[in-house]
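Everything below concerns the one structure shown next.
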Amino acid sequence: MGTVTANELKTRGVSAVEEHLETDDEVVISVRGQDKYVVMSLDKYSQLREYELDIAVREARADYEAGRVITESVDDHMKRVTDAL
C-alpha cells in the first residue's frame with residue numbers, strides 16, 4: 001500500500017494518488033506524519049460495500065434462525081425505540 005503525504009497531495013493533486021493506484025489497491029494519505037485517510041478506486045470500494053452487505057444479510061439470517069427477533073406492531077416498535085433514547 002502506497003503512502004502520499006498531504007503536502008504531496010496539495011502540490012501534485014490527484015496524479016499523486018493515481019500514480020500509486022497503478023500498483024496498489026489503496027493509497028494512504030498521511031497528515032503531519034500520521035496515516036489519516038485511505039483512497040481506493042470506486043470499483044474496489046463497491047466490492048467492499050458488497051462484502052459488508054453480504055455479511056449483514058448473513059448475520060440477520062443467523063439472528064432469525066436463532067430466534068433473536070421481535071415481532072411487534074409499528075406503534076410498539078416506535079415506543080420501544082424512542083424509550084431507548
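By convention in this document, the chains of the C-alpha cells carry letters A, B, ... by their order, each chain's residues are numbered from 1, and ligands are numbered from 1 in the order they are shown.
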
Requested in this report: Pick out the residues sitting within 10 Å of Gly2 (chain A), and hand them over as a PyMOL selection string; count only C-alpha atoms, and ignore anything fewer than 3 positions along from it in its own chain.
Outcome: chain A and resi 17+19-21+23-29+38

Go ahead and write the selection's residues with N, CA and C atoms as an mmCIF file, in the first residue's frame.
data_model
loop_
_atom_site.group_PDB
_atom_site.id
_atom_site.type_symbol
_atom_site.label_atom_id
_atom_site.label_comp_id
_atom_site.auth_asym_id
_atom_site.auth_seq_id
_atom_site.Cartn_x
_atom_site.Cartn_y
_atom_site.Cartn_z
ATOM 1 N N VAL A 17 -2.078 10.431 -6.272
ATOM 2 C CA VAL A 17 -2.865 9.268 -5.854
ATOM 3 C C VAL A 17 -2.949 8.264 -7.002
ATOM 4 N N GLU A 19 -0.979 7.701 -9.408
ATOM 5 C CA GLU A 19 0.307 7.031 -9.609
ATOM 6 C C GLU A 19 0.436 5.798 -8.706
ATOM 7 N N HIS A 20 0.040 5.940 -7.461
ATOM 8 C CA HIS A 20 0.114 4.815 -6.524
ATOM 9 C C HIS A 20 -0.946 3.755 -6.823
ATOM 10 N N LEU A 21 -2.105 4.188 -7.281
ATOM 11 C CA LEU A 21 -3.183 3.235 -7.562
ATOM 12 C C LEU A 21 -2.875 2.352 -8.772
ATOM 13 N N THR A 23 -0.259 0.587 -9.006
ATOM 14 C CA THR A 23 0.397 -0.618 -8.484
ATOM 15 C C THR A 23 -0.231 -1.148 -7.202
ATOM 16 N N ASP A 24 -0.993 -0.332 -6.490
ATOM 17 C CA ASP A 24 -1.599 -0.733 -5.215
ATOM 18 C C ASP A 24 -3.106 -0.560 -5.275
ATOM 19 N N ASP A 25 -3.820 -1.348 -4.450
ATOM 20 C CA ASP A 25 -5.281 -1.227 -4.371
ATOM 21 C C ASP A 25 -5.713 -0.007 -3.573
ATOM 22 N N GLU A 26 -4.902 0.366 -2.586
ATOM 23 C CA GLU A 26 -5.237 1.503 -1.732
ATOM 24 C C GLU A 26 -4.025 2.420 -1.590
ATOM 25 N N VAL A 27 -4.316 3.678 -1.294
ATOM 26 C CA VAL A 27 -3.272 4.667 -1.030
ATOM 27 C C VAL A 27 -3.599 5.328 0.296
ATOM 28 N N VAL A 28 -2.620 5.379 1.183
ATOM 29 C CA VAL A 28 -2.795 6.035 2.479
ATOM 30 C C VAL A 28 -2.407 7.503 2.321
ATOM 31 N N ILE A 29 -3.231 8.387 2.873
ATOM 32 C CA ILE A 29 -2.911 9.811 2.925
ATOM 33 C C ILE A 29 -2.405 10.099 4.331
ATOM 34 N N VAL A 38 -7.636 6.682 3.626
ATOM 35 C CA VAL A 38 -7.330 5.683 2.616
ATOM 36 C C VAL A 38 -8.138 6.020 1.377
#

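Backbone DSSP over region 7-81 of chain A gives strand (DSSP E) for A:Glu26, A:Val27, A:Val28, A:Ile29, A:Ser30, A:Val31, A:Gln34, A:Asp35, A:Lys36, A:Tyr37, A:Val38, A:Val39, A:Met40.
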
Requested in this report: Using DSSP on the backbone, list every residue of chain A that comes out as alpha helix (DSSP H), and give them as a PyMOL selection string.
Outcome: chain A and resi 6-12+14-21+42-65+74-84

Report task. Would you kindly return, as a VMD selection string, each protein, DNA or RNA residue with an atom no farther than 10 Å from any atom of Asn7 (chain A), considering only C-alpha atoms and excluding same-chain residues fewer than 3 positions away? Result -> chain A and resid 4 10 to 13 29 to 32

Query - Nearest candidate to Glu22 (chain A) (options A:Gln34, A:Ala6, A:Arg49, A:Met40; using only C-alpha atoms) - result: A:Met40
